>>> print(open('start.pdb').read())   # PDB, N, CA and C atoms
MODEL        1
ATOM      1  N   MET A   1     182.949 -21.237 171.478
ATOM      2  CA  MET A   1     181.602 -21.267 172.021
ATOM      3  C   MET A   1     181.044 -19.848 172.011
ATOM      4  N   SER A   2     179.789 -19.771 171.781
ATOM      5  CA  SER A   2     179.159 -18.461 171.796
ATOM      6  C   SER A   2     177.934 -18.510 172.683
ATOM      7  N   ASP A   3     177.413 -17.327 172.962
ATOM      8  CA  ASP A   3     176.223 -17.245 173.799
ATOM      9  C   ASP A   3     174.949 -17.365 172.983
ATOM     10  N   ASP A   4     175.075 -17.497 171.705
ATOM     11  CA  ASP A   4     173.901 -17.612 170.849
ATOM     12  C   ASP A   4     173.328 -19.011 170.942
ATOM     13  N   ASN A   5     172.020 -19.079 170.980
ATOM     14  CA  ASN A   5     171.328 -20.358 171.020
ATOM     15  C   ASN A   5     170.740 -20.584 169.643
ATOM     16  N   ASP A   6     171.203 -21.638 168.972
ATOM     17  CA  ASP A   6     170.764 -21.890 167.598
ATOM     18  C   ASP A   6     169.323 -22.365 167.518
ATOM     19  N   ASN A   7     168.783 -22.896 168.578
ATOM     20  CA  ASN A   7     167.420 -23.422 168.563
ATOM     21  C   ASN A   7     166.386 -22.364 168.894
ATOM     22  N   GLY A   8     166.795 -21.179 169.224
ATOM     23  CA  GLY A   8     165.854 -20.120 169.557
ATOM     24  C   GLY A   8     165.236 -20.269 170.933
ATOM     25  N   GLU A   9     165.813 -21.113 171.766
ATOM     26  CA  GLU A   9     165.287 -21.319 173.098
ATOM     27  C   GLU A   9     166.079 -20.490 174.108
ATOM     28  N   GLY A  10     165.478 -20.174 175.199
ATOM     29  CA  GLY A  10     166.169 -19.435 176.249
ATOM     30  C   GLY A  10     166.986 -20.380 177.116
ATOM     31  N   PHE A  11     168.030 -19.851 177.683
ATOM     32  CA  PHE A  11     168.852 -20.650 178.583
ATOM     33  C   PHE A  11     168.186 -20.757 179.945
ATOM     34  N   ASP A  12     168.355 -21.903 180.574
ATOM     35  CA  ASP A  12     167.804 -22.088 181.914
ATOM     36  C   ASP A  12     168.574 -21.221 182.900
ATOM     37  N   GLU A  13     167.866 -20.719 183.876
ATOM     38  CA  GLU A  13     168.469 -19.908 184.928
ATOM     39  C   GLU A  13     169.301 -20.806 185.831
ATOM     40  N   PHE A  14     170.514 -20.379 186.149
ATOM     41  CA  PHE A  14     171.362 -21.143 187.060
ATOM     42  C   PHE A  14     170.847 -20.963 188.469
ATOM     43  N   LYS A  15     170.566 -22.073 189.133
ATOM     44  CA  LYS A  15     170.017 -22.013 190.493
ATOM     45  C   LYS A  15     170.990 -22.676 191.440
ATOM     46  N   GLY A  16     171.997 -21.949 191.856
ATOM     47  CA  GLY A  16     172.982 -22.451 192.799
ATOM     48  C   GLY A  16     172.769 -21.862 194.174
ATOM     49  N   ARG A  17     173.683 -22.157 195.031
ATOM     50  CA  ARG A  17     173.630 -21.621 196.384
ATOM     51  C   ARG A  17     173.912 -20.119 196.323
ATOM     52  N   PRO A  18     173.149 -19.310 197.059
ATOM     53  CA  PRO A  18     173.420 -17.870 197.044
ATOM     54  C   PRO A  18     174.776 -17.557 197.668
ATOM     55  N   ASP A  19     175.355 -16.468 197.227
ATOM     56  CA  ASP A  19     176.649 -16.058 197.763
ATOM     57  C   ASP A  19     176.523 -15.757 199.251
ATOM     58  N   PRO A  20     177.505 -16.179 200.039
ATOM     59  CA  PRO A  20     177.439 -15.881 201.473
ATOM     60  C   PRO A  20     177.625 -14.390 201.711
ATOM     61  N   SER A  21     176.952 -13.922 202.730
ATOM     62  CA  SER A  21     177.106 -12.514 203.061
ATOM     63  C   SER A  21     178.483 -12.287 203.675
ATOM     64  N   GLU A  22     179.058 -11.165 203.380
ATOM     65  CA  GLU A  22     180.393 -10.861 203.888
ATOM     66  C   GLU A  22     180.305  -9.864 205.035
ATOM     67  N   GLY A  23     179.350 -10.081 205.903
ATOM     68  CA  GLY A  23     179.099  -9.147 206.978
ATOM     69  C   GLY A  23     179.868  -9.415 208.248
ATOM     70  N   GLY A  24     180.816 -10.313 208.242
ATOM     71  CA  GLY A  24     181.592 -10.568 209.449
ATOM     72  C   GLY A  24     181.570 -12.028 209.836
ATOM     73  N   ILE A  25     181.814 -12.260 211.098
ATOM     74  CA  ILE A  25     181.921 -13.623 211.621
ATOM     75  C   ILE A  25     180.523 -14.158 211.920
ATOM     76  N   THR A  26     180.262 -15.388 211.478
ATOM     77  CA  THR A  26     178.973 -16.012 211.734
ATOM     78  C   THR A  26     178.990 -16.745 213.077
ATOM     79  N   THR A  27     177.830 -17.122 213.527
ATOM     80  CA  THR A  27     177.719 -17.856 214.787
ATOM     81  C   THR A  27     178.428 -19.199 214.692
ATOM     82  N   ASN A  28     178.300 -19.850 213.540
ATOM     83  CA  ASN A  28     178.949 -21.138 213.336
ATOM     84  C   ASN A  28     180.466 -21.012 213.469
ATOM     85  N   GLU A  29     181.023 -19.960 212.894
ATOM     86  CA  GLU A  29     182.468 -19.735 212.982
ATOM     87  C   GLU A  29     182.899 -19.428 214.407
ATOM     88  N   MET A  30     182.066 -18.721 215.160
ATOM     89  CA  MET A  30     182.403 -18.410 216.546
ATOM     90  C   MET A  30     182.428 -19.673 217.403
ATOM     91  N   ILE A  31     181.454 -20.560 217.202
ATOM     92  CA  ILE A  31     181.414 -21.797 217.976
ATOM     93  C   ILE A  31     182.573 -22.700 217.571
ATOM     94  N   MET A  32     182.897 -22.724 216.275
ATOM     95  CA  MET A  32     184.031 -23.519 215.810
ATOM     96  C   MET A  32     185.329 -22.981 216.419
ATOM     97  N   GLY A  33     185.480 -21.675 216.506
ATOM     98  CA  GLY A  33     186.649 -21.077 217.144
ATOM     99  C   GLY A  33     186.733 -21.435 218.620
ATOM    100  N   LEU A  34     185.585 -21.469 219.295
ATOM    101  CA  LEU A  34     185.556 -21.883 220.696
ATOM    102  C   LEU A  34     186.038 -23.323 220.842
ATOM    103  N   GLY A  35     185.636 -24.182 219.924
ATOM    104  CA  GLY A  35     186.093 -25.570 219.959
ATOM    105  C   GLY A  35     187.594 -25.675 219.807
ATOM    106  N   PHE A  36     188.165 -24.894 218.881
ATOM    107  CA  PHE A  36     189.616 -24.906 218.697
ATOM    108  C   PHE A  36     190.335 -24.370 219.937
ATOM    109  N   VAL A  37     189.781 -23.341 220.554
ATOM    110  CA  VAL A  37     190.386 -22.794 221.771
ATOM    111  C   VAL A  37     190.353 -23.833 222.889
ATOM    112  N   LEU A  38     189.256 -24.590 222.994
ATOM    113  CA  LEU A  38     189.175 -25.635 224.012
ATOM    114  C   LEU A  38     190.217 -26.726 223.771
ATOM    115  N   ILE A  39     190.419 -27.097 222.519
ATOM    116  CA  ILE A  39     191.426 -28.113 222.207
ATOM    117  C   ILE A  39     192.815 -27.624 222.603
ATOM    118  N   ILE A  40     193.140 -26.401 222.239
ATOM    119  CA  ILE A  40     194.468 -25.863 222.541
ATOM    120  C   ILE A  40     194.649 -25.683 224.050
ATOM    121  N   ALA A  41     193.618 -25.164 224.731
ATOM    122  CA  ALA A  41     193.720 -24.969 226.182
ATOM    123  C   ALA A  41     193.863 -26.310 226.904
ATOM    124  N   GLY A  42     193.125 -27.319 226.490
ATOM    125  CA  GLY A  42     193.248 -28.638 227.102
ATOM    126  C   GLY A  42     194.617 -29.242 226.872
ATOM    127  N   PHE A  43     195.161 -29.040 225.677
ATOM    128  CA  PHE A  43     196.499 -29.556 225.377
ATOM    129  C   PHE A  43     197.553 -28.889 226.257
ATOM    130  N   ILE A  44     197.479 -27.563 226.378
ATOM    131  CA  ILE A  44     198.464 -26.835 227.189
ATOM    132  C   ILE A  44     198.348 -27.217 228.660
ATOM    133  N   LEU A  45     197.116 -27.307 229.167
ATOM    134  CA  LEU A  45     196.919 -27.699 230.560
ATOM    135  C   LEU A  45     197.442 -29.117 230.800
ATOM    136  N   GLY A  46     197.173 -30.017 229.875
ATOM    137  CA  GLY A  46     197.662 -31.386 230.017
ATOM    138  C   GLY A  46     199.172 -31.466 229.951
ATOM    139  N   LEU A  47     199.766 -30.672 229.063
ATOM    140  CA  LEU A  47     201.224 -30.668 228.960
ATOM    141  C   LEU A  47     201.866 -30.155 230.250
ATOM    142  N   ILE A  48     201.290 -29.127 230.832
ATOM    143  CA  ILE A  48     201.813 -28.595 232.094
ATOM    144  C   ILE A  48     201.714 -29.651 233.195
ATOM    145  N   ARG A  49     200.569 -30.346 233.245
ATOM    146  CA  ARG A  49     200.398 -31.365 234.275
ATOM    147  C   ARG A  49     201.347 -32.542 234.061
ATOM    148  N   LEU A  50     201.564 -32.949 232.803
ATOM    149  CA  LEU A  50     202.498 -34.043 232.538
ATOM    150  C   LEU A  50     203.925 -33.666 232.919
ATOM    151  N   MET A  51     204.300 -32.423 232.659
ATOM    152  CA  MET A  51     205.640 -31.976 233.042
ATOM    153  C   MET A  51     205.771 -31.939 234.559
ATOM    154  N   GLY A  52     204.689 -31.595 235.259
ATOM    155  CA  GLY A  52     204.708 -31.610 236.714
ATOM    156  C   GLY A  52     204.817 -33.015 237.265
ATOM    157  N   LEU A  53     204.176 -33.981 236.611
ATOM    158  CA  LEU A  53     204.250 -35.373 237.065
ATOM    159  C   LEU A  53     205.594 -36.005 236.745
ATOM    160  N   LYS A  54     206.268 -35.489 235.722
ATOM    161  CA  LYS A  54     207.545 -36.068 235.303
ATOM    162  C   LYS A  54     208.623 -35.894 236.370
ATOM    163  N   ASP A  55     208.615 -34.762 237.038
ATOM    164  CA  ASP A  55     209.657 -34.458 238.016
ATOM    165  C   ASP A  55     209.491 -35.228 239.322
ATOM    166  N   GLY A  56     208.403 -35.888 239.475
ATOM    167  CA  GLY A  56     208.160 -36.623 240.718
ATOM    168  C   GLY A  56     207.420 -35.740 241.709
ATOM    169  N   GLU A  57     206.415 -36.296 242.315
ATOM    170  CA  GLU A  57     205.581 -35.535 243.235
ATOM    171  C   GLU A  57     205.399 -36.330 244.522
ATOM    172  N   ILE A  58     205.037 -35.614 245.556
ATOM    173  CA  ILE A  58     204.666 -36.304 246.785
ATOM    174  C   ILE A  58     203.262 -36.889 246.574
ATOM    175  N   PRO A  59     202.929 -37.958 247.253
ATOM    176  CA  PRO A  59     201.651 -38.631 246.986
ATOM    177  C   PRO A  59     200.429 -37.731 247.106
ATOM    178  N   ALA A  60     200.439 -36.752 247.980
ATOM    179  CA  ALA A  60     199.274 -35.871 248.128
ATOM    180  C   ALA A  60     199.076 -35.009 246.878
ATOM    181  N   ASP A  61     200.157 -34.531 246.284
ATOM    182  CA  ASP A  61     200.060 -33.707 245.080
ATOM    183  C   ASP A  61     199.835 -34.537 243.830
ATOM    184  N   TYR A  62     200.224 -35.791 243.853
ATOM    185  CA  TYR A  62     200.088 -36.651 242.677
ATOM    186  C   TYR A  62     198.629 -36.798 242.264
ATOM    187  N   GLU A  63     197.746 -37.008 243.215
ATOM    188  CA  GLU A  63     196.323 -37.157 242.916
ATOM    189  C   GLU A  63     195.752 -35.879 242.316
ATOM    190  N   SER A  64     196.163 -34.737 242.818
ATOM    191  CA  SER A  64     195.690 -33.455 242.305
ATOM    192  C   SER A  64     196.143 -33.250 240.863
ATOM    193  N   HIS A  65     197.419 -33.537 240.596
ATOM    194  CA  HIS A  65     197.936 -33.387 239.235
ATOM    195  C   HIS A  65     197.261 -34.372 238.273
ATOM    196  N   LEU A  66     196.996 -35.568 238.739
ATOM    197  CA  LEU A  66     196.351 -36.567 237.902
ATOM    198  C   LEU A  66     194.913 -36.172 237.585
ATOM    199  N   ASP A  67     194.200 -35.620 238.563
ATOM    200  CA  ASP A  67     192.840 -35.148 238.323
ATOM    201  C   ASP A  67     192.821 -34.005 237.316
ATOM    202  N   GLN A  68     193.775 -33.094 237.411
ATOM    203  CA  GLN A  68     193.848 -31.995 236.454
ATOM    204  C   GLN A  68     194.231 -32.492 235.067
ATOM    205  N   LEU A  69     195.019 -33.548 234.977
ATOM    206  CA  LEU A  69     195.351 -34.143 233.695
ATOM    207  C   LEU A  69     194.103 -34.740 233.052
ATOM    208  N   TYR A  70     193.286 -35.430 233.831
ATOM    209  CA  TYR A  70     192.035 -35.979 233.322
ATOM    210  C   TYR A  70     191.082 -34.866 232.885
ATOM    211  N   LEU A  71     191.069 -33.772 233.621
ATOM    212  CA  LEU A  71     190.248 -32.626 233.242
ATOM    213  C   LEU A  71     190.686 -32.066 231.897
ATOM    214  N   SER A  72     191.991 -32.008 231.666
ATOM    215  CA  SER A  72     192.473 -31.506 230.377
ATOM    216  C   SER A  72     192.063 -32.429 229.239
ATOM    217  N   TYR A  73     192.034 -33.750 229.487
ATOM    218  CA  TYR A  73     191.559 -34.691 228.464
ATOM    219  C   TYR A  73     190.089 -34.448 228.136
ATOM    220  N   ILE A  74     189.299 -34.188 229.157
ATOM    221  CA  ILE A  74     187.870 -33.928 228.948
ATOM    222  C   ILE A  74     187.676 -32.628 228.176
ATOM    223  N   ILE A  75     188.446 -31.591 228.494
ATOM    224  CA  ILE A  75     188.345 -30.315 227.787
ATOM    225  C   ILE A  75     188.691 -30.498 226.309
ATOM    226  N   MET A  76     189.763 -31.245 226.031
ATOM    227  CA  MET A  76     190.127 -31.504 224.636
ATOM    228  C   MET A  76     189.049 -32.311 223.922
ATOM    229  N   PHE A  77     188.469 -33.287 224.602
ATOM    230  CA  PHE A  77     187.426 -34.111 223.994
ATOM    231  C   PHE A  77     186.205 -33.275 223.636
ATOM    232  N   VAL A  78     185.800 -32.380 224.528
ATOM    233  CA  VAL A  78     184.644 -31.508 224.258
ATOM    234  C   VAL A  78     184.943 -30.603 223.059
ATOM    235  N   GLY A  79     186.149 -30.051 222.993
ATOM    236  CA  GLY A  79     186.526 -29.219 221.852
ATOM    237  C   GLY A  79     186.507 -29.994 220.550
ATOM    238  N   MET A  80     186.980 -31.244 220.585
ATOM    239  CA  MET A  80     186.973 -32.068 219.370
ATOM    240  C   MET A  80     185.551 -32.420 218.946
ATOM    241  N   MET A  81     184.676 -32.668 219.897
ATOM    242  CA  MET A  81     183.288 -32.981 219.560
ATOM    243  C   MET A  81     182.592 -31.770 218.937
ATOM    244  N   ILE A  82     182.833 -30.588 219.497
ATOM    245  CA  ILE A  82     182.221 -29.375 218.950
ATOM    246  C   ILE A  82     182.672 -29.148 217.518
ATOM    247  N   THR A  83     183.981 -29.200 217.278
ATOM    248  CA  THR A  83     184.481 -28.929 215.930
ATOM    249  C   THR A  83     184.081 -30.014 214.942
ATOM    250  N   SER A  84     184.047 -31.265 215.368
ATOM    251  CA  SER A  84     183.679 -32.321 214.423
ATOM    252  C   SER A  84     182.196 -32.270 214.082
ATOM    253  N   PHE A  85     181.322 -31.997 215.036
ATOM    254  CA  PHE A  85     179.908 -31.933 214.720
ATOM    255  C   PHE A  85     179.575 -30.713 213.874
ATOM    256  N   LEU A  86     180.241 -29.598 214.108
ATOM    257  CA  LEU A  86     179.986 -28.436 213.256
ATOM    258  C   LEU A  86     180.610 -28.613 211.873
ATOM    259  N   GLY A  87     181.800 -29.186 211.834
ATOM    260  CA  GLY A  87     182.474 -29.363 210.553
ATOM    261  C   GLY A  87     181.869 -30.444 209.693
ATOM    262  N   PHE A  88     181.454 -31.542 210.310
ATOM    263  CA  PHE A  88     180.925 -32.670 209.565
ATOM    264  C   PHE A  88     179.465 -32.944 209.898
ATOM    265  N   GLY A  89     178.761 -31.978 210.450
ATOM    266  CA  GLY A  89     177.385 -32.183 210.900
ATOM    267  C   GLY A  89     176.445 -32.625 209.806
ATOM    268  N   GLY A  90     176.526 -31.992 208.641
ATOM    269  CA  GLY A  90     175.650 -32.377 207.534
ATOM    270  C   GLY A  90     175.930 -33.784 207.061
ATOM    271  N   MET A  91     177.198 -34.162 207.046
ATOM    272  CA  MET A  91     177.564 -35.504 206.618
ATOM    273  C   MET A  91     177.060 -36.544 207.626
ATOM    274  N   PHE A  92     177.203 -36.260 208.921
ATOM    275  CA  PHE A  92     176.708 -37.176 209.944
ATOM    276  C   PHE A  92     175.189 -37.327 209.842
ATOM    277  N   LYS A  93     174.502 -36.210 209.631
ATOM    278  CA  LYS A  93     173.046 -36.241 209.556
ATOM    279  C   LYS A  93     172.582 -37.069 208.359
ATOM    280  N   ARG A  94     173.213 -36.871 207.194
ATOM    281  CA  ARG A  94     172.840 -37.645 206.011
ATOM    282  C   ARG A  94     173.144 -39.130 206.188
ATOM    283  N   ALA A  95     174.275 -39.441 206.826
ATOM    284  CA  ALA A  95     174.629 -40.843 207.045
ATOM    285  C   ALA A  95     173.624 -41.513 207.984
ATOM    286  N   MET A  96     173.248 -40.838 209.062
ATOM    287  CA  MET A  96     172.310 -41.429 210.010
ATOM    288  C   MET A  96     170.927 -41.609 209.380
ATOM    289  N   THR A  97     170.478 -40.627 208.619
ATOM    290  CA  THR A  97     169.161 -40.777 207.983
ATOM    291  C   THR A  97     169.175 -41.867 206.923
ATOM    292  N   SER A  98     170.307 -42.056 206.239
ATOM    293  CA  SER A  98     170.361 -43.123 205.249
ATOM    294  C   SER A  98     170.361 -44.492 205.926
ATOM    295  N   PHE A  99     170.990 -44.617 207.107
ATOM    296  CA  PHE A  99     170.953 -45.893 207.824
ATOM    297  C   PHE A  99     169.567 -46.173 208.379
ATOM    298  N   ILE A 100     168.920 -45.145 208.887
ATOM    299  CA  ILE A 100     167.612 -45.329 209.513
ATOM    300  C   ILE A 100     166.527 -45.586 208.457
ATOM    301  N   SER A 101     166.568 -44.861 207.347
ATOM    302  CA  SER A 101     165.501 -44.960 206.358
ATOM    303  C   SER A 101     165.691 -46.097 205.361
ATOM    304  N   SER A 102     166.812 -46.785 205.386
ATOM    305  CA  SER A 102     167.008 -47.878 204.427
ATOM    306  C   SER A 102     166.123 -49.055 204.798
ATOM    307  N   GLU A 103     165.405 -49.527 203.803
ATOM    308  CA  GLU A 103     164.491 -50.646 204.041
ATOM    309  C   GLU A 103     165.083 -51.889 203.402
ATOM    310  N   GLU A 104     165.105 -52.961 204.137
ATOM    311  CA  GLU A 104     165.663 -54.220 203.629
ATOM    312  C   GLU A 104     164.598 -55.262 203.544
TER
ENDMDL
END
>>> encode(input="start.pdb", output="structure tokens")
Amino acid sequence: MSDDNDNGEGFDEFKGRPDPSEGGITTNEMIMGLGFVLIIAGFILGLIRLMGLKDGEIPADYESHLDQLYLSYIIMFVGMMITSFLGFGGMFKRAMTSFISSEE
């Protein structure tokens, strides 16, 4: 293959996505990192609470440990929602618009 055009025509300009700037961490990456930290923190907190419940507790402490276990589930859920919406946000948006705009 050569760069010569036998027809005497010019080549079309390639119009792709511009190169990302390499200036550091973007806001999107920072929020995604926060989501991962929330998932890990919720997992560790939940694991600690489960280990505390495993050894047996007095009834007064059982409710406290159970509430903290539920809190860790909520923290993990929030982290998963943040990372999934940032990671798959464009796909979710296109899917929802295709469902809404489809005419039958």
>>> resolve_selection(input="start.pdb", expression="the PyMOL selection byres (((chain A and resi 82-86 and name CA) around 10) and name CA)", output="ChimeraX atom specification")
/A:28-29,31-36,38-39,76-81,87-93
>>> atom_distance(input="start.pdb", atom1="CA of Ile75 (chain A)", atom2="CA of Gly42 (chain A)")
5.2 Å
>>> axis_aligned_box(input="start.pdb", around="region 80-93 of chain A", padding_each_side="8 Å", output="JSON")
{"center_x": 179.8, "center_y": -32.9, "center_z": 213.6, "size_x": 30.4, "size_y": 24.9, "size_z": 30.0}
>>> closest_residue(input="start.pdb", among="A:Ala95, A:Leu66, A:Ile74, A:Val37", to="Met51 (chain A)", atoms="only C-alpha atoms")
A:Leu66
>>> atom_distance(input="start.pdb", atom1="atom C of Ile48 (chain A)", atom2="atom N of Gln68 (chain A)")
9.6 Å
>>> atom_distance(input="start.pdb", atom1="CA of Arg17 (chain A)", atom2="CA of Ser98 (chain A)")
23.5 Å
>>> select_by_dssp(input="start.pdb", residues="chain A", states="alpha helix (DSSP H)", output="PyMOL selection string")
chain A and resi 27-54+59-101
